[in-house]
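Shown here: entry34.tsv, TSV, N, CA and C atoms.
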```tsv
chain	number	residue	atom	x	y	z
A	1222	MET	N	-6.03	-7.07	15.14
A	1222	MET	CA	-4.82	-7.51	14.47
A	1222	MET	C	-3.83	-6.36	14.40
A	1223	SER	N	-2.58	-6.67	14.61
A	1223	SER	CA	-1.54	-5.66	14.45
A	1223	SER	C	-1.29	-5.44	12.96
A	1224	GLU	N	-0.57	-4.39	12.63
A	1224	GLU	CA	-0.25	-4.12	11.23
A	1224	GLU	C	0.56	-5.27	10.63
A	1225	ALA	N	1.48	-5.83	11.40
A	1225	ALA	CA	2.30	-6.95	10.92
A	1225	ALA	C	1.43	-8.18	10.66
A	1226	GLU	N	0.44	-8.42	11.51
A	1226	GLU	CA	-0.47	-9.56	11.31
A	1226	GLU	C	-1.35	-9.34	10.08
A	1227	ILE	N	-1.81	-8.13	9.88
A	1227	ILE	CA	-2.60	-7.81	8.69
A	1227	ILE	C	-1.76	-8.08	7.45
A	1228	GLN	N	-0.54	-7.62	7.47
A	1228	GLN	CA	0.36	-7.78	6.33
A	1228	GLN	C	0.57	-9.27	6.03
A	1229	ALA	N	0.84	-10.07	7.05
A	1229	ALA	CA	1.05	-11.50	6.85
A	1229	ALA	C	-0.22	-12.18	6.32
A	1230	ASN	N	-1.37	-11.81	6.85
A	1230	ASN	CA	-2.64	-12.40	6.41
A	1230	ASN	C	-3.01	-11.98	4.99
A	1231	VAL	N	-2.72	-10.74	4.63
A	1231	VAL	CA	-2.97	-10.29	3.26
A	1231	VAL	C	-2.06	-11.05	2.30
A	1232	ALA	N	-0.81	-11.25	2.66
A	1232	ALA	CA	0.12	-12.00	1.82
A	1232	ALA	C	-0.37	-13.44	1.63
A	1233	LEU	N	-0.85	-14.06	2.71
A	1233	LEU	CA	-1.40	-15.41	2.62
A	1233	LEU	C	-2.62	-15.44	1.70
A	1234	TYR	N	-3.50	-14.47	1.85
A	1234	TYR	CA	-4.69	-14.37	0.99
A	1234	TYR	C	-4.28	-14.28	-0.48
A	1235	LEU	N	-3.31	-13.43	-0.78
A	1235	LEU	CA	-2.86	-13.27	-2.16
A	1235	LEU	C	-2.30	-14.58	-2.71
A	1236	ARG	N	-1.50	-15.27	-1.92
A	1236	ARG	CA	-0.93	-16.55	-2.37
A	1236	ARG	C	-2.02	-17.59	-2.63
A	1237	MET	N	-3.05	-17.59	-1.81
A	1237	MET	CA	-4.12	-18.58	-1.95
A	1237	MET	C	-5.12	-18.24	-3.07
A	1238	GLN	N	-5.53	-16.98	-3.13
A	1238	GLN	CA	-6.57	-16.58	-4.08
A	1238	GLN	C	-6.04	-16.18	-5.46
A	1239	TYR	N	-4.82	-15.68	-5.50
A	1239	TYR	CA	-4.23	-15.19	-6.75
A	1239	TYR	C	-2.80	-15.73	-6.90
A	1240	PRO	N	-2.64	-17.04	-7.05
A	1240	PRO	CA	-1.29	-17.62	-7.06
A	1240	PRO	C	-0.42	-17.15	-8.23
A	1241	ASP	N	-1.03	-16.62	-9.29
A	1241	ASP	CA	-0.27	-16.14	-10.45
A	1241	ASP	C	0.18	-14.69	-10.31
A	1242	VAL	N	-0.27	-14.01	-9.28
A	1242	VAL	CA	0.03	-12.58	-9.11
A	1242	VAL	C	1.32	-12.40	-8.30
A	1243	LEU	N	2.22	-11.60	-8.84
A	1243	LEU	CA	3.46	-11.28	-8.13
A	1243	LEU	C	3.20	-10.11	-7.18
A	1244	PHE	N	3.72	-10.23	-5.97
A	1244	PHE	CA	3.57	-9.14	-5.00
A	1244	PHE	C	4.79	-9.13	-4.09
A	1245	ARG	N	4.96	-8.01	-3.41
A	1245	ARG	CA	6.03	-7.86	-2.44
A	1245	ARG	C	5.47	-7.16	-1.22
A	1246	SER	N	5.82	-7.70	-0.07
A	1246	SER	CA	5.39	-7.13	1.20
A	1246	SER	C	6.65	-6.72	1.96
A	1247	ASP	N	6.66	-5.50	2.48
A	1247	ASP	CA	7.83	-4.97	3.17
A	1247	ASP	C	7.73	-5.28	4.66
A	1248	PHE	N	8.30	-6.42	5.05
A	1248	PHE	CA	8.25	-6.84	6.44
A	1248	PHE	C	8.92	-5.83	7.37
A	1249	GLY	N	10.00	-5.22	6.92
A	1249	GLY	CA	10.75	-4.28	7.75
A	1249	GLY	C	9.96	-3.04	8.12
A	1250	ALA	N	8.90	-2.75	7.38
A	1250	ALA	CA	8.14	-1.53	7.64
A	1250	ALA	C	7.52	-1.52	9.02
A	1251	GLY	N	7.09	-2.68	9.51
A	1251	GLY	CA	6.44	-2.72	10.81
A	1251	GLY	C	7.34	-3.23	11.92
A	1252	ALA	N	8.56	-3.57	11.57
A	1252	ALA	CA	9.48	-4.14	12.57
A	1252	ALA	C	10.11	-3.04	13.42
A	1253	LYS	N	10.40	-3.39	14.65
A	1253	LYS	CA	11.13	-2.47	15.53
A	1253	LYS	C	12.62	-2.67	15.26
A	1254	LEU	N	13.18	-1.76	14.49
A	1254	LEU	CA	14.58	-1.87	14.08
A	1254	LEU	C	15.48	-1.07	15.01
A	1255	ARG	N	16.70	-1.54	15.13
A	1255	ARG	CA	17.71	-0.76	15.85
A	1255	ARG	C	18.03	0.47	14.99
A	1256	PRO	N	18.53	1.54	15.60
A	1256	PRO	CA	18.77	2.76	14.82
A	1256	PRO	C	19.62	2.54	13.57
A	1257	TRP	N	20.67	1.75	13.66
A	1257	TRP	CA	21.51	1.52	12.48
A	1257	TRP	C	20.77	0.72	11.41
A	1258	GLN	N	19.89	-0.20	11.83
A	1258	GLN	CA	19.11	-0.97	10.87
A	1258	GLN	C	18.09	-0.07	10.16
A	1259	ALA	N	17.48	0.82	10.92
A	1259	ALA	CA	16.51	1.75	10.33
A	1259	ALA	C	17.20	2.65	9.31
A	1260	LYS	N	18.42	3.06	9.62
A	1260	LYS	CA	19.17	3.92	8.70
A	1260	LYS	C	19.48	3.18	7.40
A	1261	VAL	N	19.91	1.93	7.51
A	1261	VAL	CA	20.20	1.12	6.33
A	1261	VAL	C	18.93	0.91	5.51
A	1262	GLN	N	17.83	0.58	6.17
A	1262	GLN	CA	16.58	0.36	5.45
A	1262	GLN	C	16.14	1.63	4.73
A	1263	LYS	N	16.26	2.76	5.39
A	1263	LYS	CA	15.88	4.03	4.77
A	1263	LYS	C	16.73	4.29	3.53
A	1264	MET	N	18.03	4.03	3.62
A	1264	MET	CA	18.92	4.23	2.47
A	1264	MET	C	18.52	3.30	1.32
A	1265	GLN	N	18.16	2.06	1.67
A	1265	GLN	CA	17.77	1.09	0.64
A	1265	GLN	C	16.42	1.42	0.02
A	1266	ASN	N	15.65	2.26	0.65
A	1266	ASN	CA	14.35	2.67	0.13
A	1266	ASN	C	14.40	4.08	-0.46
A	1267	GLY	N	15.56	4.47	-0.96
A	1267	GLY	CA	15.69	5.75	-1.63
A	1267	GLY	C	15.66	6.94	-0.69
A	1268	GLY	N	15.95	6.72	0.58
A	1268	GLY	CA	15.97	7.80	1.56
A	1268	GLY	C	14.60	8.15	2.11
A	1269	ARG	N	13.59	7.35	1.78
A	1269	ARG	CA	12.23	7.61	2.24
A	1269	ARG	C	11.85	6.63	3.34
A	1270	ARG	N	11.21	7.14	4.39
A	1270	ARG	CA	10.71	6.28	5.46
A	1270	ARG	C	9.30	5.81	5.18
A	1271	ALA	N	8.63	6.46	4.29
A	1271	ALA	CA	7.19	6.29	4.16
A	1271	ALA	C	6.80	5.42	2.96
A	1272	TRP	N	7.65	4.48	2.57
A	1272	TRP	CA	7.35	3.61	1.44
A	1272	TRP	C	6.18	2.69	1.80
A	1273	PRO	N	5.23	2.45	0.89
A	1273	PRO	CA	4.07	1.60	1.21
A	1273	PRO	C	4.46	0.18	1.60
A	1274	ASP	N	3.58	-0.46	2.35
A	1274	ASP	CA	3.83	-1.80	2.89
A	1274	ASP	C	3.78	-2.90	1.84
A	1275	MET	N	2.95	-2.74	0.84
A	1275	MET	CA	2.73	-3.84	-0.10
A	1275	MET	C	2.63	-3.31	-1.53
A	1276	PHE	N	3.20	-4.10	-2.47
A	1276	PHE	CA	3.09	-3.78	-3.89
A	1276	PHE	C	2.62	-5.01	-4.63
A	1277	ILE	N	1.59	-4.87	-5.45
A	1277	ILE	CA	1.09	-5.93	-6.30
A	1277	ILE	C	1.46	-5.57	-7.73
A	1278	ALA	N	2.33	-6.37	-8.32
A	1278	ALA	CA	2.91	-6.09	-9.64
A	1278	ALA	C	2.02	-6.66	-10.74
A	1279	GLU	N	0.86	-6.06	-10.88
A	1279	GLU	CA	-0.13	-6.52	-11.85
A	1279	GLU	C	-0.79	-5.29	-12.47
A	1280	PRO	N	-0.60	-5.08	-13.77
A	1280	PRO	CA	-1.28	-3.94	-14.39
A	1280	PRO	C	-2.78	-4.19	-14.48
A	1281	ALA	N	-3.52	-3.11	-14.49
A	1281	ALA	CA	-4.99	-3.20	-14.61
A	1281	ALA	C	-5.49	-1.93	-15.29
A	1282	PRO	N	-6.55	-2.05	-16.09
A	1282	PRO	CA	-7.08	-0.86	-16.76
A	1282	PRO	C	-7.71	0.10	-15.76
A	1283	ARG	N	-7.70	1.35	-16.09
A	1283	ARG	CA	-8.38	2.35	-15.26
A	1283	ARG	C	-9.20	3.26	-16.16
A	1284	CYS	N	-10.24	3.77	-15.62
A	1284	CYS	CA	-11.17	4.61	-16.36
A	1284	CYS	C	-10.73	6.07	-16.27
A	1285	ILE	N	-10.50	6.69	-17.40
A	1285	ILE	CA	-10.17	8.10	-17.47
A	1285	ILE	C	-11.19	8.77	-18.39
A	1286	ASP	N	-11.89	9.77	-17.88
A	1286	ASP	CA	-12.89	10.50	-18.67
A	1286	ASP	C	-13.89	9.57	-19.34
A	1287	GLY	N	-14.33	8.55	-18.61
A	1287	GLY	CA	-15.35	7.64	-19.13
A	1287	GLY	C	-14.85	6.54	-20.03
A	1288	GLY	N	-13.54	6.51	-20.33
A	1288	GLY	CA	-12.99	5.47	-21.21
A	1288	GLY	C	-11.91	4.67	-20.51
A	1289	TRP	N	-11.75	3.43	-20.94
A	1289	TRP	CA	-10.73	2.54	-20.36
A	1289	TRP	C	-9.49	2.60	-21.23
A	1290	ASP	N	-8.82	3.73	-21.25
A	1290	ASP	CA	-7.73	3.88	-22.20
A	1290	ASP	C	-6.35	4.00	-21.56
A	1291	TYR	N	-6.25	3.87	-20.27
A	1291	TYR	CA	-4.96	3.89	-19.59
A	1291	TYR	C	-4.88	2.69	-18.67
A	1292	GLU	N	-3.68	2.37	-18.24
A	1292	GLU	CA	-3.51	1.26	-17.31
A	1292	GLU	C	-2.80	1.72	-16.06
A	1293	TRP	N	-3.26	1.18	-14.91
A	1293	TRP	CA	-2.48	1.31	-13.70
A	1293	TRP	C	-1.28	0.38	-13.89
A	1294	HIS	N	-0.13	0.77	-13.40
A	1294	HIS	CA	1.07	-0.07	-13.52
A	1294	HIS	C	1.13	-1.13	-12.43
A	1295	GLY	N	0.39	-0.96	-11.37
A	1295	GLY	CA	0.37	-1.89	-10.24
A	1295	GLY	C	-0.34	-1.22	-9.07
A	1296	LEU	N	-0.47	-1.97	-7.97
A	1296	LEU	CA	-1.18	-1.48	-6.79
A	1296	LEU	C	-0.25	-1.41	-5.59
A	1297	PHE	N	-0.14	-0.23	-4.99
A	1297	PHE	CA	0.58	-0.04	-3.73
A	1297	PHE	C	-0.44	0.16	-2.62
A	1298	LEU	N	-0.24	-0.54	-1.50
A	1298	LEU	CA	-1.11	-0.35	-0.34
A	1298	LEU	C	-0.28	-0.02	0.89
A	1299	GLU	N	-0.71	0.99	1.60
A	1299	GLU	CA	-0.18	1.32	2.92
A	1299	GLU	C	-1.17	0.76	3.92
A	1300	LEU	N	-0.80	-0.32	4.59
A	1300	LEU	CA	-1.70	-1.01	5.50
A	1300	LEU	C	-1.69	-0.37	6.89
A	1301	LYS	N	-2.88	-0.22	7.43
A	1301	LYS	CA	-3.06	0.29	8.79
A	1301	LYS	C	-3.98	-0.65	9.55
A	1302	LYS	N	-3.79	-0.73	10.87
A	1302	LYS	CA	-4.67	-1.60	11.64
A	1302	LYS	C	-6.03	-0.94	11.80
A	1303	ASP	N	-7.04	-1.77	12.08
A	1303	ASP	CA	-8.39	-1.26	12.29
A	1303	ASP	C	-8.39	-0.17	13.35
A	1304	GLY	N	-9.20	0.85	13.12
A	1304	GLY	CA	-9.35	1.92	14.09
A	1304	GLY	C	-8.40	3.09	13.91
A	1305	VAL	N	-7.41	2.95	13.04
A	1305	VAL	CA	-6.47	4.05	12.81
A	1305	VAL	C	-7.19	5.17	12.06
A	1306	ARG	N	-7.03	6.37	12.56
A	1306	ARG	CA	-7.61	7.55	11.90
A	1306	ARG	C	-6.50	8.23	11.11
A	1307	LEU	N	-6.76	8.47	9.85
A	1307	LEU	CA	-5.75	9.10	8.99
A	1307	LEU	C	-5.72	10.61	9.16
A	1308	LYS	N	-6.88	11.20	9.48
A	1308	LYS	CA	-6.96	12.65	9.59
A	1308	LYS	C	-7.61	13.06	10.90
A	1309	LYS	N	-7.24	14.24	11.34
A	1309	LYS	CA	-7.87	14.85	12.52
A	1309	LYS	C	-9.20	15.47	12.09
A	1310	LYS	N	-9.99	15.88	13.05
A	1310	LYS	CA	-11.27	16.53	12.74
A	1310	LYS	C	-11.06	17.78	11.89
A	1311	SER	N	-9.92	18.43	12.06
A	1311	SER	CA	-9.62	19.65	11.31
A	1311	SER	C	-9.32	19.38	9.84
A	1312	GLY	N	-9.14	18.10	9.49
A	1312	GLY	CA	-8.79	17.75	8.11
A	1312	GLY	C	-7.30	17.56	7.90
A	1313	GLU	N	-6.51	17.90	8.91
A	1313	GLU	CA	-5.06	17.69	8.82
A	1313	GLU	C	-4.77	16.20	8.97
A	1314	TRP	N	-3.61	15.78	8.45
A	1314	TRP	CA	-3.19	14.40	8.65
A	1314	TRP	C	-2.99	14.16	10.14
A	1315	ALA	N	-3.28	12.96	10.60
A	1315	ALA	CA	-3.24	12.63	12.02
A	1315	ALA	C	-1.83	12.68	12.61
A	1316	SER	N	-0.82	12.49	11.77
A	1316	SER	CA	0.56	12.57	12.25
A	1316	SER	C	1.47	12.97	11.09
A	1317	GLU	N	2.68	13.35	11.43
A	1317	GLU	CA	3.67	13.70	10.41
A	1317	GLU	C	3.98	12.48	9.55
A	1318	HIS	N	4.07	11.31	10.18
A	1318	HIS	CA	4.38	10.09	9.44
A	1318	HIS	C	3.28	9.75	8.44
A	1319	ILE	N	2.02	9.86	8.84
A	1319	ILE	CA	0.92	9.59	7.92
A	1319	ILE	C	0.93	10.62	6.78
A	1320	ALA	N	1.25	11.85	7.08
A	1320	ALA	CA	1.37	12.87	6.03
A	1320	ALA	C	2.47	12.50	5.03
A	1321	GLU	N	3.60	11.99	5.54
A	1321	GLU	CA	4.67	11.53	4.64
A	1321	GLU	C	4.20	10.37	3.78
A	1322	GLN	N	3.48	9.43	4.39
A	1322	GLN	CA	2.97	8.28	3.64
A	1322	GLN	C	2.00	8.75	2.56
A	1323	ALA	N	1.13	9.68	2.89
A	1323	ALA	CA	0.17	10.21	1.92
A	1323	ALA	C	0.90	10.89	0.76
A	1324	SER	N	1.98	11.57	1.06
A	1324	SER	CA	2.76	12.24	0.02
A	1324	SER	C	3.39	11.21	-0.93
A	1325	VAL	N	3.92	10.14	-0.39
A	1325	VAL	CA	4.50	9.08	-1.23
A	1325	VAL	C	3.41	8.42	-2.08
A	1326	LEU	N	2.25	8.14	-1.48
A	1326	LEU	CA	1.15	7.55	-2.23
A	1326	LEU	C	0.73	8.47	-3.39
A	1327	LYS	N	0.68	9.77	-3.14
A	1327	LYS	CA	0.33	10.73	-4.19
A	1327	LYS	C	1.36	10.72	-5.32
A	1328	CYS	N	2.63	10.66	-4.97
A	1328	CYS	CA	3.69	10.59	-6.00
A	1328	CYS	C	3.53	9.34	-6.85
A	1329	LEU	N	3.22	8.22	-6.21
A	1329	LEU	CA	3.01	6.97	-6.95
A	1329	LEU	C	1.78	7.05	-7.85
A	1330	GLN	N	0.72	7.68	-7.36
A	1330	GLN	CA	-0.48	7.87	-8.19
A	1330	GLN	C	-0.14	8.71	-9.42
A	1331	ASP	N	0.65	9.76	-9.22
A	1331	ASP	CA	1.03	10.63	-10.33
A	1331	ASP	C	1.87	9.89	-11.37
A	1332	LYS	N	2.53	8.81	-10.96
A	1332	LYS	CA	3.35	8.02	-11.88
A	1332	LYS	C	2.59	6.85	-12.52
A	1333	GLY	N	1.27	6.78	-12.26
A	1333	GLY	CA	0.45	5.78	-12.92
A	1333	GLY	C	0.17	4.52	-12.13
A	1334	TYR	N	0.41	4.58	-10.82
A	1334	TYR	CA	0.09	3.44	-9.96
A	1334	TYR	C	-1.20	3.71	-9.19
A	1335	LYS	N	-1.93	2.66	-8.91
A	1335	LYS	CA	-3.04	2.75	-7.95
A	1335	LYS	C	-2.35	2.68	-6.59
A	1336	ALA	N	-2.58	3.62	-5.73
A	1336	ALA	CA	-1.88	3.68	-4.44
A	1336	ALA	C	-2.80	4.32	-3.41
A	1337	ASP	N	-2.96	3.62	-2.26
A	1337	ASP	CA	-3.88	4.15	-1.25
A	1337	ASP	C	-3.61	3.50	0.10
A	1338	PHE	N	-4.23	4.07	1.12
A	1338	PHE	CA	-4.25	3.49	2.45
A	1338	PHE	C	-5.32	2.40	2.48
A	1339	ALA	N	-5.08	1.36	3.26
A	1339	ALA	CA	-6.10	0.34	3.54
A	1339	ALA	C	-6.15	0.18	5.05
A	1340	ILE	N	-7.31	0.46	5.63
A	1340	ILE	CA	-7.49	0.38	7.07
A	1340	ILE	C	-8.06	-1.00	7.41
A	1341	GLY	N	-7.23	-1.85	7.97
A	1341	GLY	CA	-7.66	-3.18	8.38
A	1341	GLY	C	-7.62	-4.20	7.26
A	1342	TYR	N	-7.66	-5.45	7.66
A	1342	TYR	CA	-7.59	-6.58	6.75
A	1342	TYR	C	-8.75	-6.56	5.75
A	1343	ASP	N	-9.97	-6.37	6.21
A	1343	ASP	CA	-11.13	-6.44	5.33
A	1343	ASP	C	-11.06	-5.40	4.21
A	1344	GLN	N	-10.68	-4.18	4.56
A	1344	GLN	CA	-10.59	-3.16	3.52
A	1344	GLN	C	-9.46	-3.47	2.54
A	1345	ALA	N	-8.34	-3.99	3.03
A	1345	ALA	CA	-7.23	-4.35	2.15
A	1345	ALA	C	-7.68	-5.41	1.15
A	1346	ILE	N	-8.37	-6.45	1.63
A	1346	ILE	CA	-8.84	-7.52	0.75
A	1346	ILE	C	-9.84	-6.98	-0.27
A	1347	GLN	N	-10.74	-6.12	0.18
A	1347	GLN	CA	-11.72	-5.53	-0.74
A	1347	GLN	C	-11.02	-4.73	-1.84
A	1348	MET	N	-10.03	-3.93	-1.47
A	1348	MET	CA	-9.31	-3.12	-2.45
A	1348	MET	C	-8.54	-3.99	-3.44
A	1349	ILE	N	-7.92	-5.06	-2.93
A	1349	ILE	CA	-7.17	-5.97	-3.79
A	1349	ILE	C	-8.11	-6.67	-4.76
A	1350	ASP	N	-9.22	-7.20	-4.25
A	1350	ASP	CA	-10.18	-7.90	-5.12
A	1350	ASP	C	-10.73	-6.97	-6.20
A	1351	GLU	N	-11.10	-5.76	-5.82
A	1351	GLU	CA	-11.63	-4.81	-6.80
A	1351	GLU	C	-10.58	-4.48	-7.86
A	1352	TYR	N	-9.35	-4.29	-7.43
A	1352	TYR	CA	-8.27	-3.97	-8.37
A	1352	TYR	C	-8.00	-5.14	-9.31
A	1353	LEU	N	-7.86	-6.35	-8.76
A	1353	LEU	CA	-7.50	-7.49	-9.60
A	1353	LEU	C	-8.64	-7.95	-10.50
A	1354	LYS	N	-9.87	-7.61	-10.18
A	1354	LYS	CA	-10.99	-7.95	-11.06
A	1354	LYS	C	-10.95	-7.10	-12.35
A	1355	LEU	N	-10.19	-6.01	-12.33
A	1355	LEU	CA	-10.07	-5.17	-13.53
A	1355	LEU	C	-9.14	-5.78	-14.58
A	1356	ARG	N	-8.35	-6.78	-14.17
A	1356	ARG	CA	-7.37	-7.34	-15.10
A	1356	ARG	C	-8.03	-7.84	-16.37
A	1357	ARG	N	-7.25	-7.79	-17.43
A	1357	ARG	CA	-7.75	-8.29	-18.73
A	1357	ARG	C	-7.54	-9.77	-18.82
```

Represent the supplied structure as structure tokens.
Amino acid sequence: MSEAEIQANVALYLRMQYPDVLFRSDFGAGAKLRPWQAKVQKMQNGGRRAWPDMFIAEPAPRCIDGGWDYEWHGLFLELKKDGVRLKKKSGEWASEHIAEQASVLKCLQDKGYKADFAIGYDQAIQMIDEYLKLRR
């Protein structure tokens, strides 16, 4: 499956399994845009190219120091197709773009969001199910 197909299938899964959950999927992230369109999209995303593909607007508790006393504000996922390697054998990020995406995910984590890469449809669904099962 391509990244766009994974994104569409994950959105369908969310609509079917969690109809009460609000989410947003960034279709433009995987689209081949003309240079002027890419520039407009980048401006609309705060000047960042590496914004995650999907956001699930559902708070969930998280465990800090053994206690459930904080909440994630929502879940951001950067979707990748099966077989994508995030890091080289040396431990470096596999590309500059993946490094940018990792940096944005880290910033979101620091602001209280659950944010991570999901490699393939199955891992994305597993991460979503685990996250949404934490809901109160």

Top pick for closest residue to His1294 of chain A, considering A:Leu1307, A:Leu1243, A:Ile1277, A:Val1325 and counting only N, CA and C atoms: A:Ile1277

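Nearest to Ser1223 of chain A of all the residues A:Arg1306, A:Gly1333, A:Arg1356, A:Leu1300 is A:Leu1300, based on all atoms listed in the file.
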
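Here the DSSP assignment of strand (DSSP E), based on backbone atoms, applies within segment 1237-1352 of chain A to Phe1244, Arg1245, Ser1246, Met1275, Phe1276, Ile1277, Ala1281, Pro1282, Arg1283, Cys1284, Ile1285, Gly1288, Trp1289, Asp1290, Tyr1291, Glu1292, Trp1293, Leu1296, Phe1297, Leu1298, Glu1299, Leu1300, Lys1301, Lys1335, Ala1336, Asp1337, Phe1338, Ala1339 and Ile1340 of chain A.
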
Please, which residues of chain A, numbered as in this document, come out helix (DSSP H, G or I) from DSSP, as a ChimeraX atom specification? /A:1224-1238,1248-1250,1256-1265,1317-1331,1341-1353

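The residue set within 8 Å of Tyr1352 of chain A, counting all atoms listed in the file and dropping same-chain residues fewer than 2 places from it, reads Glu1279, Pro1280, Ala1281, Pro1282, Leu1296, Ile1346, Gln1347, Met1348, Ile1349, Asp1350, Lys1354, Leu1355 and Arg1356 of chain A.
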
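If you look at atom C of Gly1312 of chain A and atom N of Phe1338 of chain A, they are 15.4 Å away from each other.
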
All residues 6 Å or closer to Lys1301 of chain A, only N, CA and C atoms, same chain fewer than 3 positions away omitted, as a PyMOL selection string: chain A and resi 1224+1339-1341

Based on the selection just made, write N, CA and C atoms of those residues as an mmCIF file, in the coordinates of the input.
```cif
data_model
loop_
_atom_site.group_PDB
_atom_site.id
_atom_site.type_symbol
_atom_site.label_atom_id
_atom_site.label_comp_id
_atom_site.auth_asym_id
_atom_site.auth_seq_id
_atom_site.Cartn_x
_atom_site.Cartn_y
_atom_site.Cartn_z
ATOM 1 N N GLU A 1224 -0.570 -4.390 12.630
ATOM 2 C CA GLU A 1224 -0.250 -4.120 11.230
ATOM 3 C C GLU A 1224 0.560 -5.270 10.630
ATOM 4 N N ALA A 1339 -5.080 1.360 3.260
ATOM 5 C CA ALA A 1339 -6.100 0.340 3.540
ATOM 6 C C ALA A 1339 -6.150 0.180 5.050
ATOM 7 N N ILE A 1340 -7.310 0.460 5.630
ATOM 8 C CA ILE A 1340 -7.490 0.380 7.070
ATOM 9 C C ILE A 1340 -8.060 -1.000 7.410
ATOM 10 N N GLY A 1341 -7.230 -1.850 7.970
ATOM 11 C CA GLY A 1341 -7.660 -3.180 8.380
ATOM 12 C C GLY A 1341 -7.620 -4.200 7.260
#
```

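Here atom N of Gln1344 of chain A and atom CA of Asp1303 of chain A stand 8.6 Å from one another.
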
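Atom C of Lys1302 of chain A sits 9.6 Å away from atom N of Ala1345 of chain A.
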